[in-house]
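Participant: Sharing a structure below in structure tokens format, with a few things to ask.
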Amino acid sequence: MSEMKSFIEDAAGKILKDLSTKEQRERFEEGEWASSLWKTIQESGLTLLGIEEEKGGVGGDYEDVFAILRVVGKYAAPIPLAEVIYANQFLATHDGEVEDKLRVVHFTEESSMIQSPYKLIHVPYGRYVDEVVVIRQEDQQASYSIVDVLTGEIEKNANLAAEPRDNLTFLNLGETKKLDLSFKEALENYTKFLALSRVAMMTGAMESVLALSTFYAKERHQFGRPLHRFQAIQHHLTAMAGEVAAAYSTLSVASSFYPSDLGKEQIAMAKIELSANANVVAKAAHQLHAGIGMTYEHELHHFTRRLWSWREEAGNETYWADQLASLYQAREETIWESITHVKGEETHAGSTV
Amino acid sequence: MRQLQLPVFKFTEEQKEFRKKVRSFLQAEKQKGTFDTHADSWLSAYSEEFSKKIGAQGWIGITFPGKYGGQARSSIDRYIVTEELLAFGAPVASHWFADRQSGPLLLKFGTEEQKEFFIPKIVKGECYFSIGLSEPNSGSDLASLKTTAERVDGGWIVNGMKTWTSGAHHSHYMITLCRTSPQDPKNRHGGMSQLIIDLKSDGVTIRPIQFLTGEHHFNEIFLENVFVPDNRVVGEVGNGWAQGLTELAFERSGPERILSTFPLLEEAIRLLKEKKDHRGLMDASKLVSRMWSLRNMSIGIAALLEEKKDVNLAAALVKDLGNSFEQHVAEVIRLLLPAVPSKNAEDEYARLLAESILHGPGFTIRGGTTEILRGIVGKGVISA
């Protein structure tokens, strides 16, 4: 963990608290890009986090990145920060340096990519980004091109939380550069990053759902008592608090191992956990809020709809359980040996992180 | 909410080496046939022989000072030993409470004479304790207990009854919470004291309460004019409630709240791999993920306890989540690998499944029921 972590966590928290308000999120859902919020985030350097200064970044490590993304989830900020950080890191790594832009990466193996017109499905914030780094497979090797979004057509689409997941069509992808790793590796790296990003963002969203619920349980009176005095309500609060604590711990452990060898198994378990428990939190909170929580007016849905969206993205429980099942089948060691990173006779090779 | 943010603790290489040593010892003992793996072994699997072997390794009271025969090692080392024993489903019930609660209690509040008398025997795995808390009319509402100790010359005369006392038929002593002053409605937690009762004393009658399997783990204990000398009072007279609470966080969030059915999960995954059952392994991997997450929390709490931090809320949460998980394991596994579960089955899987199902109801009751825990957490979350 870098010393920056709590400092930038606080700084990001202040920006998002001021600028990612309920009103801002509502305007965003009506079709207005959160330009001043994004500008402030860019100016604060957060879009270049985790990139060395000599490559155009601001330094910091992955624990910093995931700590910030937790805060992004906590304020349900309508910005593609995880995706932009990854795209910037990708270009810094492969081009040697990077200039900050609103860009995302997009991986595609689909046949629609073999020839023009090229169709990119579910591009995060596609309508608002400047460019897309398109990564595809060409002759057993991966290549990437940087495409200006203005040169393409946009078909609007969104996830459950009204976050844009647009389909973009281009006639020309422009200059193509070879990648020095396989498409599979490149895609796996991105999926791991995005999965842990969603874990971080869901952790933050869960924290806010719990905070809204405790506030409402104190505020709202029924039968002459505040809600929190009812045992049934205490059980809802406990269910949420349990998953918030579990999520926080899961995020902290998994991001402390990222991107080591052990990282993939930890990310798989982390994403399974958060995806499986997103609705434990959302369901309890909606039940606790009852009618008011179902309205557009109350902001609970800003967080619960994100939980329902993010649990599917970057692999849901089924996707990651499939990966883990293959891993278990392929290796000799017992579950206890892998969980403790200690083998009966000799120490697990991957345990020195 | 800060109380819900547990730290990351990573075991050092030295601690990993220690774990390996414990594991190798247990593997060898299991191969020799010293013990069979059981689910929920900390409640139900007694073996004095095994307890003495563990004691000879220095692994009972491992945190206790060297002066009394302990190893003065960290509570993280104790955590490692406990985890390995439970993962193996080893018979640890005999010495369990002495190691977990009574030893630490005596070291914290006991007299020098008590420490010198009890601790070396506990450490050797020869002296077993039971915990005398619940009574027939006070279960979750423990502060309503009625057992009384009356002052007499040189000590106390105890009258009353204790129930659900695990392992009292194997134990030598019971730390008994009783009333040394009359009940005071204004100070419900006052006037209670902890007395060490020698279970061989006159006036002590131990009767089995058969568990739903027909097995004998629990007891009811009748105390009729039992004399307890002054030197067997623990700590201060009247301070029993507060003294008893201090060790609660260790008890609540330890590995025994997560791993009671782990032997079933491990065996099931071994079988699913043998059958190359990919779908089954997928479902099992979700259980492993949950266990990993709960274990991270439990270790985080252990690290905070080592720093003497207040972890009551988080410990209650981990117990609630952990106990639900322990029950959930059997419910998922039974569908992945259908079998006729039986306590007497020769097949290890069918036996572990039976033990995990039949012991399940106890997980969410012992050491603080789910309802009590959720009350603690619910109130804690509101006042935070």
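The way I read the labels, and the way they are meant: chains A, B, ... in the order of the structure tokens, residue 1 as the first residue of every chain, and ligand 1 as the first ligand shown, with later ones counted on from there.
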So which residues touch segment 63-80 of chain A within 6 Å, counting only C-alpha atoms, skipping near sequence neighbours fewer than 4 positions away, as a list in words?

Facilitator: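 In the requested format, the answer is Met1, Lys5, Glu9, Ser20, Ala200, Met201, Gly204, Ala205, Ser208 and Ser255 of chain A.
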
Participant: Could you write out the selected residues, including C-alpha atoms, as a JSON list (two decimals), in the first residue's frame?

Facilitator:
```json
[["chain", "number", "residue", "atom", "x", "y", "z"],
["A", 1, "MET", "CA", 0.00, 0.00, 0.00],
["A", 5, "LYS", "CA", -3.66, 5.90, -0.39],
["A", 9, "GLU", "CA", -8.94, 8.46, -0.95],
["A", 20, "SER", "CA", -21.52, 13.31, -7.72],
["A", 200, "ALA", "CA", -14.31, -2.18, -5.39],
["A", 201, "MET", "CA", -17.25, -0.21, -6.79],
["A", 204, "GLY", "CA", -18.58, 1.37, -2.09],
["A", 205, "ALA", "CA", -22.18, 1.10, -3.32],
["A", 208, "SER", "CA", -23.89, 3.77, 0.78],
["A", 255, "SER", "CA", -6.29, -5.87, -4.13]]
```

Participant: Could you give me, as a compact mmCIF listing (two decimals) with N, CA and C atoms, in the first residue's frame, the residues within 10 Å of segment 222-229 of chain B, counting only C-alpha atoms and dropping anything in the same chain fewer than 4 positions from it?

Facilitator:
```
# COMPACT_ATOMS: atom_id res chain seq x y z
N THR B 147 -28.28 -19.35 39.98
CA THR B 147 -27.37 -20.10 40.85
C THR B 147 -26.69 -19.13 41.83
N THR B 148 -26.71 -19.50 43.12
CA THR B 148 -26.18 -18.57 44.12
C THR B 148 -24.99 -19.16 44.85
N ALA B 149 -24.12 -18.28 45.29
CA ALA B 149 -23.02 -18.68 46.16
C ALA B 149 -23.16 -17.86 47.43
N GLU B 150 -23.24 -18.55 48.55
CA GLU B 150 -23.44 -17.87 49.83
C GLU B 150 -22.15 -17.91 50.64
N ARG B 151 -21.85 -16.78 51.24
CA ARG B 151 -20.60 -16.65 52.00
C ARG B 151 -20.65 -17.55 53.21
N VAL B 152 -19.62 -18.37 53.42
CA VAL B 152 -19.46 -19.12 54.67
C VAL B 152 -18.00 -18.97 55.10
N ASP B 153 -17.70 -19.52 56.21
CA ASP B 153 -16.33 -19.47 56.71
C ASP B 153 -15.38 -20.14 55.72
N GLY B 154 -14.40 -19.39 55.22
CA GLY B 154 -13.37 -19.98 54.34
C GLY B 154 -13.80 -20.18 52.90
N GLY B 155 -15.01 -19.78 52.56
CA GLY B 155 -15.38 -19.96 51.15
C GLY B 155 -16.84 -19.67 50.87
N TRP B 156 -17.41 -20.46 49.97
CA TRP B 156 -18.76 -20.22 49.49
C TRP B 156 -19.53 -21.54 49.38
N ILE B 157 -20.83 -21.45 49.57
CA ILE B 157 -21.69 -22.62 49.36
C ILE B 157 -22.56 -22.34 48.14
N VAL B 158 -22.44 -23.19 47.14
CA VAL B 158 -23.12 -22.94 45.88
C VAL B 158 -24.34 -23.85 45.74
N ASN B 159 -25.45 -23.24 45.34
CA ASN B 159 -26.67 -23.98 45.06
C ASN B 159 -27.26 -23.51 43.74
N GLY B 160 -27.70 -24.45 42.94
CA GLY B 160 -28.33 -24.07 41.67
C GLY B 160 -28.13 -25.16 40.63
N MET B 161 -28.27 -24.73 39.41
CA MET B 161 -28.24 -25.71 38.33
C MET B 161 -27.70 -25.05 37.06
N LYS B 162 -26.88 -25.80 36.35
CA LYS B 162 -26.35 -25.32 35.06
C LYS B 162 -26.78 -26.29 33.98
N THR B 163 -26.92 -25.78 32.78
CA THR B 163 -27.34 -26.68 31.71
C THR B 163 -26.59 -26.38 30.41
N LEU B 195 -16.63 -18.82 39.95
CA LEU B 195 -16.05 -19.76 40.90
C LEU B 195 -15.60 -21.02 40.17
N ILE B 196 -14.44 -21.53 40.56
CA ILE B 196 -13.97 -22.78 39.96
C ILE B 196 -14.51 -23.93 40.81
N ILE B 197 -15.39 -24.70 40.22
CA ILE B 197 -15.93 -25.84 40.96
C ILE B 197 -15.23 -27.12 40.51
N ASP B 198 -14.69 -27.85 41.47
CA ASP B 198 -14.12 -29.17 41.19
C ASP B 198 -15.30 -30.11 40.97
N LEU B 199 -15.38 -30.68 39.80
CA LEU B 199 -16.58 -31.47 39.46
C LEU B 199 -16.66 -32.80 40.22
N SER B 201 -16.45 -32.68 43.50
CA SER B 201 -16.86 -32.26 44.85
C SER B 201 -18.17 -32.89 45.26
N ASP B 202 -18.36 -32.99 46.57
CA ASP B 202 -19.65 -33.43 47.11
C ASP B 202 -20.72 -32.45 46.69
N GLY B 203 -21.88 -32.98 46.34
CA GLY B 203 -23.01 -32.11 45.99
C GLY B 203 -23.11 -31.80 44.51
N VAL B 204 -22.14 -32.28 43.72
CA VAL B 204 -22.19 -32.05 42.26
C VAL B 204 -22.75 -33.30 41.59
N THR B 205 -23.83 -33.15 40.86
CA THR B 205 -24.39 -34.27 40.10
C THR B 205 -24.41 -33.88 38.63
N ILE B 206 -23.82 -34.73 37.79
CA ILE B 206 -23.77 -34.44 36.35
C ILE B 206 -24.67 -35.44 35.63
N ARG B 207 -25.64 -34.92 34.92
CA ARG B 207 -26.53 -35.80 34.16
C ARG B 207 -26.45 -35.47 32.68
N VAL B 233 -12.08 -18.67 43.90
CA VAL B 233 -12.81 -17.56 43.27
C VAL B 233 -11.88 -16.95 42.23
```

Participant: Give me, as a PyMOL selection string, all polymer residues having an atom no more than 8 Å from segment 327-333 of chain B, counting only C-alpha atoms and skipping those fewer than 2 positions away in the same chain.

Facilitator: chain B and resi 261-262+264-265+268+283-284+287+323-325+335-337+353+356-357+360-361+363

Participant: Work out how far atom CA of Gln31 of chain B is from atom CA of Phe18 of chain B, in Å to one decimal.

Facilitator: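 Between these atoms lies a distance of 20.1 Å.
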
Participant: For a test of reading the model, state the distance in Å between atom CA of Gly367 of chain B and atom CA of Gly214 of chain B, rounded to one decimal.

Facilitator: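 Answer for the atom CA of Gly367 of chain B to atom CA of Gly214 of chain B separation: 21.6 Å.
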
Participant: Might you pull out every residue within 6 Å of segment 273-282 of chain A, with only C-alpha atoms counted and same-chain residues fewer than 2 positions away left off, and present them as JSON, numbers by chain?

Facilitator: {"A": [240, 270, 271, 284, 285, 304, 307, 311]}

Participant: Taking the chain letters and numbering used in this document, name the residues of segment 3-106 of chain B that DSSP puts in helix (DSSP H, G or I), as a PyMOL selection string.

Facilitator: chain B and resi 3-4+13-32+41-44+48-56+66-68+75-87+93-106

Participant: In terms of the shortest atom-to-atom distance over only C-alpha atoms, which of B:Arg374, B:Arg188, B:Lys16, B:Lys67 is closest to Lys319 of chain B?

Facilitator: B:Arg374

Participant: Set the distance at 7 Å and use only C-alpha atoms: which residues neighbour Val105 of chain A once local chain neighbours fewer than 6 positions away are removed? I'd like the list as a PyMOL selection string.

Facilitator: chain A and resi 87+132-134

Participant: The selected residues should be written to file as a tab-separated table (two decimals), in the first residue's frame (atoms: N, CA, C and O atoms).

Facilitator:
```tsv
chain	number	residue	atom	x	y	z
A	87	ALA	N	-7.43	2.00	-19.79
A	87	ALA	CA	-7.03	2.36	-21.16
A	87	ALA	C	-5.75	3.20	-21.14
A	87	ALA	O	-4.84	2.99	-21.95
A	132	VAL	N	-11.57	4.96	-28.68
A	132	VAL	CA	-11.62	3.59	-28.19
A	132	VAL	C	-10.35	2.88	-28.64
A	132	VAL	O	-9.96	2.98	-29.81
A	133	VAL	N	-9.70	2.20	-27.69
A	133	VAL	CA	-8.55	1.37	-28.04
A	133	VAL	C	-9.11	-0.02	-28.34
A	133	VAL	O	-9.55	-0.72	-27.44
A	134	VAL	N	-9.14	-0.36	-29.62
A	134	VAL	CA	-9.76	-1.62	-30.04
A	134	VAL	C	-8.68	-2.70	-30.09
A	134	VAL	O	-7.67	-2.54	-30.79
```

Participant: Up to 7 Å from chain B, what residues of chain A turn up? Count only C-alpha atoms and give them as a VMD selection string.

Facilitator: chain A and resid 214 234 to 235 237 to 238 242 245 to 246 248 to 250 252 to 253 269 272 to 273 321 to 322 324 to 325 329 335 339 342 to 345

Participant: Could you work out how far atom CA of Val311 of chain B lies from atom CA of Glu236 of chain B, giving the answer in Å with one decimal?

Facilitator: 24.6 Å

Participant: May I have all residues of segment 4-247 of chain A that DSSP, computed from the backbone, assigns to strand (DSSP E or B), given as JSON, numbers by chain?

Facilitator: {"A": [51, 59, 103, 104, 105, 106, 107, 108, 118, 119, 120, 121, 122, 123, 124, 131, 132, 133, 134, 135, 136, 137, 138, 141, 142, 143, 144, 145, 146, 147, 148, 153, 154, 155, 158, 164, 165, 166, 167, 168, 169, 170, 176, 177, 178, 221, 222, 225, 226]}

Participant: Could you pull the residues within 9 Å of Ser182 of chain A, counting only C-alpha atoms, minus those fewer than 6 positions along the same chain, as an NGL selection string?

Facilitator: :A and (137 or 140-143)

Participant: Convert the current residue selection to file output with C-alpha atoms, as a compact mmCIF listing (two decimals), in the first residue's frame.

Facilitator:
```txt
# COMPACT_ATOMS: atom_id res chain seq x y z
CA GLN A 137 -6.97 -11.02 -32.76
CA GLN A 140 -2.75 -15.61 -33.84
CA GLN A 141 -1.46 -12.32 -32.53
CA ALA A 142 -3.18 -9.47 -30.82
CA SER A 143 -3.18 -6.01 -32.27
```

Participant: Mind checking which residues fall within 12 Å of Ser134 of chain B, counting only C-alpha atoms, ignoring those fewer than 4 positions away in the same chain, and posting them as a list in words?

Facilitator: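 So the residues in contact are Ser130, Ser138, Gly139, Ser140, Asp141, Leu142, Ala143, Ser144, Leu145, Lys146, Thr147, Gly160, Met161, Lys162, Thr163, Trp164, Thr165, Ser166, Ile175, Thr176, Leu177, Cys178, Phe218, Asn219, Glu220, Ile221, Arg366, Gly367 and Gly368 of chain B.
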